[in-house]
$ cat start-v2.csv   # CSV, N, CA and C atoms
chain,number,residue,atom,x,y,z
U,1,MET,N,99.6,132.7,171.2
U,1,MET,CA,100.9,133.3,170.9
U,1,MET,C,100.8,134.7,170.6
U,2,ASP,N,101.6,135.6,171.2
U,2,ASP,CA,101.5,137.0,170.9
U,2,ASP,C,102.5,137.3,169.7
U,3,GLY,N,102.4,138.6,169.3
U,3,GLY,CA,103.2,139.0,168.1
U,3,GLY,C,104.7,138.8,168.3
U,4,GLY,N,105.2,139.1,169.5
U,4,GLY,CA,106.6,138.9,169.8
U,4,GLY,C,107.1,137.5,169.7
U,5,ALA,N,106.3,136.6,170.3
U,5,ALA,CA,106.6,135.1,170.2
U,5,ALA,C,106.5,134.7,168.8
U,6,PHE,N,105.6,135.2,168.0
U,6,PHE,CA,105.5,134.8,166.6
U,6,PHE,C,106.8,135.2,165.8
U,7,LEU,N,107.2,136.4,166.1
U,7,LEU,CA,108.5,136.9,165.4
U,7,LEU,C,109.7,136.1,165.8
U,8,GLU,N,109.8,135.7,167.1
U,8,GLU,CA,110.9,134.8,167.5
U,8,GLU,C,110.8,133.5,166.8
U,9,LYS,N,109.6,132.9,166.7
U,9,LYS,CA,109.5,131.5,166.1
U,9,LYS,C,109.7,131.6,164.6
U,10,SER,N,109.3,132.7,164.0
U,10,SER,CA,109.4,132.8,162.5
U,10,SER,C,110.8,133.3,162.1
U,11,GLY,N,111.7,133.5,163.0
U,11,GLY,CA,113.0,134.0,162.6
U,11,GLY,C,113.0,135.5,162.3
U,12,GLY,N,112.0,136.2,162.9
U,12,GLY,CA,112.0,137.7,162.8
U,12,GLY,C,111.5,138.2,161.5
U,13,VAL,N,110.6,137.5,160.8
U,13,VAL,CA,110.0,137.9,159.5
U,13,VAL,C,109.0,139.0,159.8
U,14,LYS,N,109.4,140.2,159.9
U,14,LYS,CA,108.4,141.3,160.2
U,14,LYS,C,107.5,141.6,159.1
U,15,GLY,N,108.0,141.5,157.9
U,15,GLY,CA,107.2,141.9,156.7
U,15,GLY,C,105.9,141.1,156.6
U,16,ASN,N,105.9,139.8,156.7
U,16,ASN,CA,104.6,139.0,156.6
U,16,ASN,C,103.7,139.4,157.8
U,17,LEU,N,104.2,139.5,159.0
U,17,LEU,CA,103.3,139.9,160.1
U,17,LEU,C,102.7,141.3,159.9
U,18,GLN,N,103.5,142.2,159.5
U,18,GLN,CA,103.0,143.6,159.3
U,18,GLN,C,102.0,143.6,158.2
U,19,GLU,N,102.2,142.8,157.1
U,19,GLU,CA,101.2,142.8,156.0
U,19,GLU,C,99.9,142.2,156.6
U,20,TRP,N,99.9,141.1,157.4
U,20,TRP,CA,98.7,140.5,158.0
U,20,TRP,C,98.0,141.5,158.9
U,21,LEU,N,98.8,142.2,159.7
U,21,LEU,CA,98.2,143.2,160.7
U,21,LEU,C,97.6,144.3,159.9
U,22,GLN,N,98.2,144.7,158.8
U,22,GLN,CA,97.6,145.8,158.0
U,22,GLN,C,96.3,145.4,157.4
U,23,ALA,N,96.2,144.2,156.9
U,23,ALA,CA,95.0,143.7,156.3
U,23,ALA,C,93.9,143.5,157.4
U,24,ALA,N,94.3,143.0,158.6
U,24,ALA,CA,93.3,142.9,159.6
U,24,ALA,C,92.8,144.2,160.1
U,25,SER,N,93.7,145.2,160.1
U,25,SER,CA,93.3,146.5,160.6
U,25,SER,C,92.3,147.2,159.7
U,26,GLN,N,92.1,146.7,158.5
U,26,GLN,CA,91.1,147.3,157.6
U,26,GLN,C,89.6,146.8,157.9
U,27,GLU,N,89.5,145.8,158.8
U,27,GLU,CA,88.2,145.5,159.2
U,27,GLU,C,87.5,146.6,159.9
U,28,PRO,N,86.2,146.7,160.0
U,28,PRO,CA,85.6,147.8,160.8
U,28,PRO,C,86.1,147.9,162.2
U,29,ASN,N,86.1,149.1,162.8
U,29,ASN,CA,86.7,149.4,164.1
U,29,ASN,C,86.1,148.5,165.2
U,30,ALA,N,84.8,148.1,165.0
U,30,ALA,CA,84.1,147.3,166.1
U,30,ALA,C,84.6,145.9,166.1
U,31,SER,N,85.3,145.4,165.1
U,31,SER,CA,85.7,144.0,165.0
U,31,SER,C,86.9,143.7,165.9
U,32,PHE,N,87.0,142.5,166.4
U,32,PHE,CA,88.1,142.1,167.3
U,32,PHE,C,89.4,142.1,166.4
U,33,LEU,N,89.3,141.7,165.1
U,33,LEU,CA,90.5,141.7,164.3
U,33,LEU,C,91.1,143.1,164.2
U,34,SER,N,90.3,144.1,163.9
U,34,SER,CA,90.9,145.5,163.8
U,34,SER,C,91.5,145.9,165.1
U,35,ARG,N,90.8,145.7,166.2
U,35,ARG,CA,91.3,146.1,167.5
U,35,ARG,C,92.6,145.3,167.9
U,36,GLY,N,92.6,144.0,167.6
U,36,GLY,CA,93.7,143.2,167.9
U,36,GLY,C,94.9,143.5,167.1
U,37,ALA,N,94.7,143.8,165.8
U,37,ALA,CA,95.8,144.2,164.9
U,37,ALA,C,96.4,145.5,165.4
U,38,ALA,N,95.6,146.4,165.7
U,38,ALA,CA,96.2,147.7,166.2
U,38,ALA,C,97.0,147.6,167.4
U,39,SER,N,96.5,146.8,168.4
U,39,SER,CA,97.1,146.5,169.6
U,39,SER,C,98.5,145.8,169.4
U,40,THR,N,98.4,144.8,168.6
U,40,THR,CA,99.7,144.0,168.4
U,40,THR,C,100.7,144.8,167.7
U,41,ALA,N,100.3,145.6,166.6
U,41,ALA,CA,101.2,146.4,165.9
U,41,ALA,C,101.9,147.5,166.8
U,42,GLN,N,101.1,148.0,167.7
U,42,GLN,CA,101.6,149.0,168.7
U,42,GLN,C,102.6,148.4,169.6
U,43,SER,N,102.3,147.2,170.1
U,43,SER,CA,103.2,146.6,171.1
U,43,SER,C,104.5,146.2,170.4
U,44,LEU,N,104.5,145.9,169.1
U,44,LEU,CA,105.7,145.6,168.3
U,44,LEU,C,106.4,146.8,167.7
U,45,GLY,N,105.8,148.0,167.9
U,45,GLY,CA,106.4,149.2,167.3
U,45,GLY,C,106.3,149.2,165.8
U,46,LEU,N,105.2,148.6,165.2
U,46,LEU,CA,105.0,148.6,163.8
U,46,LEU,C,103.9,149.6,163.5
U,47,ALA,N,104.1,150.4,162.4
U,47,ALA,CA,103.2,151.4,162.0
U,47,ALA,C,102.2,150.8,161.0
U,48,LEU,N,100.9,151.1,161.2
U,48,LEU,CA,99.9,150.7,160.2
U,48,LEU,C,99.3,151.9,159.5
U,49,VAL,N,98.9,151.7,158.3
U,49,VAL,CA,98.3,152.8,157.5
U,49,VAL,C,96.9,153.0,158.1
U,50,GLU,N,96.5,154.2,158.4
U,50,GLU,CA,95.1,154.5,159.0
U,50,GLU,C,94.2,154.7,157.8
U,51,TRP,N,93.0,154.2,157.9
U,51,TRP,CA,91.9,154.4,157.0
U,51,TRP,C,91.0,155.4,157.5
U,52,VAL,N,91.1,156.7,157.0
U,52,VAL,CA,90.3,157.8,157.4
U,52,VAL,C,88.8,157.5,157.0
U,53,GLY,N,87.9,157.7,158.0
U,53,GLY,CA,86.5,157.5,157.7
U,53,GLY,C,86.1,156.0,157.6
U,54,LYS,N,86.9,155.1,158.2
U,54,LYS,CA,86.6,153.7,158.1
U,54,LYS,C,85.3,153.4,158.7
U,55,PRO,N,84.4,152.5,158.1
U,55,PRO,CA,83.1,152.2,158.7
U,55,PRO,C,83.3,151.6,160.1
U,56,GLN,N,82.3,151.8,161.0
U,56,GLN,CA,82.3,151.3,162.3
U,56,GLN,C,81.8,149.8,162.3
U,57,GLY,N,81.0,149.5,161.3
U,57,GLY,CA,80.4,148.2,161.2
U,57,GLY,C,80.7,147.6,159.8
U,58,ARG,N,80.5,146.3,159.7
U,58,ARG,CA,80.8,145.6,158.4
U,58,ARG,C,79.9,146.1,157.3
U,59,TYR,N,78.6,146.3,157.5
U,59,TYR,CA,77.7,146.6,156.5
U,59,TYR,C,77.0,148.0,156.8
U,60,PRO,N,77.8,149.1,156.6
U,60,PRO,CA,77.2,150.4,156.8
U,60,PRO,C,76.0,150.6,156.0
U,61,GLY,N,74.9,151.2,156.5
U,61,GLY,CA,73.7,151.5,155.8
U,61,GLY,C,72.8,150.3,155.7
U,62,SER,N,73.1,149.2,156.4
U,62,SER,CA,72.2,148.0,156.3
U,62,SER,C,71.1,148.2,157.4
U,63,TYR,N,70.0,147.5,157.2
U,63,TYR,CA,68.9,147.5,158.1
U,63,TYR,C,68.5,146.1,158.5
U,64,ALA,N,68.1,146.0,159.8
U,64,ALA,CA,67.4,144.7,160.2
U,64,ALA,C,66.0,144.9,159.9
U,65,LEU,N,65.5,144.0,159.1
U,65,LEU,CA,64.0,144.1,158.7
U,65,LEU,C,63.3,143.2,159.7
U,66,THR,N,62.6,143.9,160.6
U,66,THR,CA,61.8,143.1,161.6
U,66,THR,C,60.3,143.2,161.3
U,67,GLY,N,59.6,142.1,161.5
U,67,GLY,CA,58.2,142.1,161.3
U,67,GLY,C,57.6,140.7,161.1
U,68,HIS,N,58.4,139.8,160.7
U,68,HIS,CA,57.9,138.4,160.6
U,68,HIS,C,57.9,137.8,161.9
U,69,LEU,N,56.9,136.8,162.1
U,69,LEU,CA,56.8,136.1,163.4
U,69,LEU,C,57.4,134.7,163.4
U,70,ASP,N,58.0,134.4,162.3
U,70,ASP,CA,58.6,133.0,162.2
U,70,ASP,C,59.8,133.1,161.3
U,71,ILE,N,60.5,132.0,161.0
U,71,ILE,CA,61.7,132.0,160.2
U,71,ILE,C,61.5,132.5,158.8
U,72,VAL,N,62.4,133.4,158.3
U,72,VAL,CA,62.3,133.9,157.0
U,72,VAL,C,63.0,132.8,156.1
U,73,GLN,N,62.3,132.4,155.0
U,73,GLN,CA,62.8,131.3,154.1
U,73,GLN,C,63.4,131.9,152.9
U,74,SER,N,63.0,133.1,152.5
U,74,SER,CA,63.4,133.6,151.2
U,74,SER,C,63.4,135.2,151.2
U,75,VAL,N,64.4,135.7,150.5
U,75,VAL,CA,64.4,137.2,150.3
U,75,VAL,C,64.8,137.5,148.9
U,76,ALA,N,64.2,138.5,148.3
U,76,ALA,CA,64.5,138.9,146.9
U,76,ALA,C,64.6,140.4,146.8
U,77,LEU,N,65.4,140.9,145.9
U,77,LEU,CA,65.6,142.3,145.8
U,77,LEU,C,65.2,142.7,144.4
U,78,SER,N,64.5,143.8,144.2
U,78,SER,CA,64.0,144.3,142.9
U,78,SER,C,65.2,144.6,142.1
U,79,ARG,N,65.1,144.7,140.8
U,79,ARG,CA,66.2,145.0,139.9
U,79,ARG,C,66.8,146.4,140.1
U,80,ASP,N,65.9,147.3,140.5
U,80,ASP,CA,66.4,148.7,140.7
U,80,ASP,C,67.0,148.9,142.2
U,81,GLY,N,66.8,147.8,143.0
U,81,GLY,CA,67.4,147.9,144.4
U,81,GLY,C,66.5,148.7,145.3
U,82,LYS,N,65.3,149.1,144.9
U,82,LYS,CA,64.5,150.0,145.8
U,82,LYS,C,63.5,149.2,146.7
U,83,ARG,N,63.2,148.0,146.3
U,83,ARG,CA,62.3,147.1,147.1
U,83,ARG,C,62.9,145.8,147.4
U,84,ALA,N,62.5,145.2,148.5
U,84,ALA,CA,62.9,143.9,148.9
U,84,ALA,C,61.6,143.1,149.3
U,85,ALA,N,61.6,141.8,149.0
U,85,ALA,CA,60.5,141.0,149.4
U,85,ALA,C,61.0,139.9,150.3
U,86,SER,N,60.3,139.5,151.4
U,86,SER,CA,60.7,138.4,152.2
U,86,SER,C,59.5,137.5,152.4
U,87,ALA,N,59.7,136.2,152.4
U,87,ALA,CA,58.7,135.2,152.7
U,87,ALA,C,59.1,134.4,153.9
U,88,SER,N,58.1,134.2,154.7
U,88,SER,CA,58.4,133.5,156.0
U,88,SER,C,57.5,132.4,156.3
U,89,ASP,N,57.8,131.5,157.3
U,89,ASP,CA,57.0,130.4,157.7
U,89,ASP,C,55.7,131.0,158.4
U,90,ASP,N,55.7,132.3,158.7
U,90,ASP,CA,54.4,132.8,159.3
U,90,ASP,C,53.4,133.0,158.2
U,91,ARG,N,53.7,132.6,157.0
U,91,ARG,CA,52.7,132.6,155.8
U,91,ARG,C,52.5,134.0,155.3
U,92,LEU,N,53.5,134.9,155.5
U,92,LEU,CA,53.4,136.2,155.0
U,92,LEU,C,54.5,136.5,154.1
U,93,VAL,N,54.2,137.4,153.1
U,93,VAL,CA,55.2,137.9,152.2
U,93,VAL,C,55.2,139.4,152.5
U,94,LYS,N,56.3,140.0,152.9
U,94,LYS,CA,56.4,141.4,153.2
U,94,LYS,C,57.2,142.1,152.1
U,95,ILE,N,56.8,143.3,151.7
U,95,ILE,CA,57.5,144.1,150.8
U,95,ILE,C,58.1,145.3,151.6
U,96,TRP,N,59.4,145.5,151.4
U,96,TRP,CA,60.2,146.5,152.1
U,96,TRP,C,60.7,147.6,151.2
U,97,ASN,N,60.9,148.8,151.7
U,97,ASN,CA,61.6,149.8,151.1
U,97,ASN,C,63.1,149.5,151.4
U,98,ALA,N,63.9,149.1,150.4
U,98,ALA,CA,65.2,148.6,150.6
U,98,ALA,C,66.2,149.8,151.0
U,99,GLU,N,65.8,151.0,150.7
U,99,GLU,CA,66.6,152.1,151.0
U,99,GLU,C,66.5,152.6,152.4
U,100,THR,N,65.3,152.4,153.0
U,100,THR,CA,65.0,152.9,154.4
U,100,THR,C,64.8,151.8,155.4
U,101,GLY,N,64.5,150.6,154.9
U,101,GLY,CA,64.1,149.5,155.8
U,101,GLY,C,62.7,149.5,156.3
U,102,ALA,N,61.9,150.4,155.8
U,102,ALA,CA,60.5,150.5,156.2
U,102,ALA,C,59.6,149.4,155.5
U,103,GLU,N,58.7,148.8,156.2
U,103,GLU,CA,57.7,147.9,155.6
U,103,GLU,C,56.8,148.7,154.7
U,104,VAL,N,56.6,148.2,153.5
U,104,VAL,CA,55.7,148.9,152.5
U,104,VAL,C,54.3,148.2,152.6
U,105,SER,N,54.3,146.9,152.5
U,105,SER,CA,53.1,146.1,152.6
U,105,SER,C,53.3,144.7,153.0
U,106,SER,N,52.2,144.0,153.4
U,106,SER,CA,52.3,142.6,153.8
U,106,SER,C,51.2,141.8,153.1
U,107,LEU,N,51.6,140.7,152.5
U,107,LEU,CA,50.6,139.9,151.8
U,107,LEU,C,50.5,138.5,152.5
U,108,GLU,N,49.2,138.1,152.6
U,108,GLU,CA,49.0,136.8,153.3
U,108,GLU,C,48.7,135.8,152.3

$ encode --input "start-v2.csv" --output "structure tokens"
Amino acid sequence: MDGGAFLEKSGGVKGNLQEWLQAASQEPNASFLSRGAASTAQSLGLALVEWVGKPQGRYPGSYALTGHLDIVQSVALSRDGKRAASASDDRLVKIWNAETGAEVSSLE
């Protein structure tokens, strides 16, 4: 059902739809929710508040820590947030720089 059909079925309650579209538009630009909300709002002539500098991804600054050869079973973060440790079925524990994503050491 498109936005127009929704408004007809709901008796023209634009407020609730606009609130939902505004909330969905706050998702990162790469998400289908954000793109769909913007498209639906535009087709209905509804204005959404733009978030200047909105992240393109859900977790900006995150890293994929690659290096294990099997399933990772556990991850821990140091109290200061500077190091992470991961334990895997490959029988290795890896220590990571949590700020850069670089592997610091590997323990067997």

$ residues_around --input "start-v2.csv" --residues "Leu65 (chain U)" --least-positions-apart "6" --cutoff "12 Å" --atoms "only C-alpha atoms" --output "MDAnalysis selection string"
chainID U and resid 72 75 84:87 94:104

$ atom_distance --input "start-v2.csv" --atom1 "atom N of Leu44 (chain U)" --atom2 "CA of Phe32 (chain U)"
16.9 Å

$ closest_residue --input "start-v2.csv" --among "U:Arg79, U:Ser34, U:Glu27, U:Leu17" --to "Pro55 (chain U)" --atoms "only C-alpha atoms"
U:Glu27

$ atom_distance --input "start-v2.csv" --atom1 "atom N of Ala41 (chain U)" --atom2 "CA of Leu21 (chain U)"
6.7 Å

$ atom_distance --input "start-v2.csv" --atom1 "atom N of Lys54 (chain U)" --atom2 "atom C of Asp80 (chain U)"
26.3 Å

$ residues_around --input "start-v2.csv" --residues "region 89-93 of chain U" --least-positions-apart "3" --cutoff "6 Å" --atoms "all atoms listed in the file" --output "JSON, numbers by chain"
{"U": [69, 70, 71, 72, 73, 86, 105, 106, 107, 108]}

$ write_last_selection --input "start-v2.csv" --atoms "N, CA and C atoms" --output "PDB file, keeping the file's coordinate frame"
ATOM      1  N   LEU U  69      56.900 136.800 162.100  1.00  0.00           N
ATOM      2  CA  LEU U  69      56.800 136.100 163.400  1.00  0.00           C
ATOM      3  C   LEU U  69      57.400 134.700 163.400  1.00  0.00           C
ATOM      4  N   ASP U  70      58.000 134.400 162.300  1.00  0.00           N
ATOM      5  CA  ASP U  70      58.600 133.000 162.200  1.00  0.00           C
ATOM      6  C   ASP U  70      59.800 133.100 161.300  1.00  0.00           C
ATOM      7  N   ILE U  71      60.500 132.000 161.000  1.00  0.00           N
ATOM      8  CA  ILE U  71      61.700 132.000 160.200  1.00  0.00           C
ATOM      9  C   ILE U  71      61.500 132.500 158.800  1.00  0.00           C
ATOM     10  N   VAL U  72      62.400 133.400 158.300  1.00  0.00           N
ATOM     11  CA  VAL U  72      62.300 133.900 157.000  1.00  0.00           C
ATOM     12  C   VAL U  72      63.000 132.800 156.100  1.00  0.00           C
ATOM     13  N   GLN U  73      62.300 132.400 155.000  1.00  0.00           N
ATOM     14  CA  GLN U  73      62.800 131.300 154.100  1.00  0.00           C
ATOM     15  C   GLN U  73      63.400 131.900 152.900  1.00  0.00           C
ATOM     16  N   SER U  86      60.300 139.500 151.400  1.00  0.00           N
ATOM     17  CA  SER U  86      60.700 138.400 152.200  1.00  0.00           C
ATOM     18  C   SER U  86      59.500 137.500 152.400  1.00  0.00           C
ATOM     19  N   SER U 105      54.300 146.900 152.500  1.00  0.00           N
ATOM     20  CA  SER U 105      53.100 146.100 152.600  1.00  0.00           C
ATOM     21  C   SER U 105      53.300 144.700 153.000  1.00  0.00           C
ATOM     22  N   SER U 106      52.200 144.000 153.400  1.00  0.00           N
ATOM     23  CA  SER U 106      52.300 142.600 153.800  1.00  0.00           C
ATOM     24  C   SER U 106      51.200 141.800 153.100  1.00  0.00           C
ATOM     25  N   LEU U 107      51.600 140.700 152.500  1.00  0.00           N
ATOM     26  CA  LEU U 107      50.600 139.900 151.800  1.00  0.00           C
ATOM     27  C   LEU U 107      50.500 138.500 152.500  1.00  0.00           C
ATOM     28  N   GLU U 108      49.200 138.100 152.600  1.00  0.00           N
ATOM     29  CA  GLU U 108      49.000 136.800 153.300  1.00  0.00           C
ATOM     30  C   GLU U 108      48.700 135.800 152.300  1.00  0.00           C
TER      31      GLU U 108
END

$ closest_residue --input "start-v2.csv" --among "U:Trp51, U:Lys82, U:Gln42, U:Gly57" --to "Ala23 (chain U)" --atoms "only C-alpha atoms"
U:Trp51
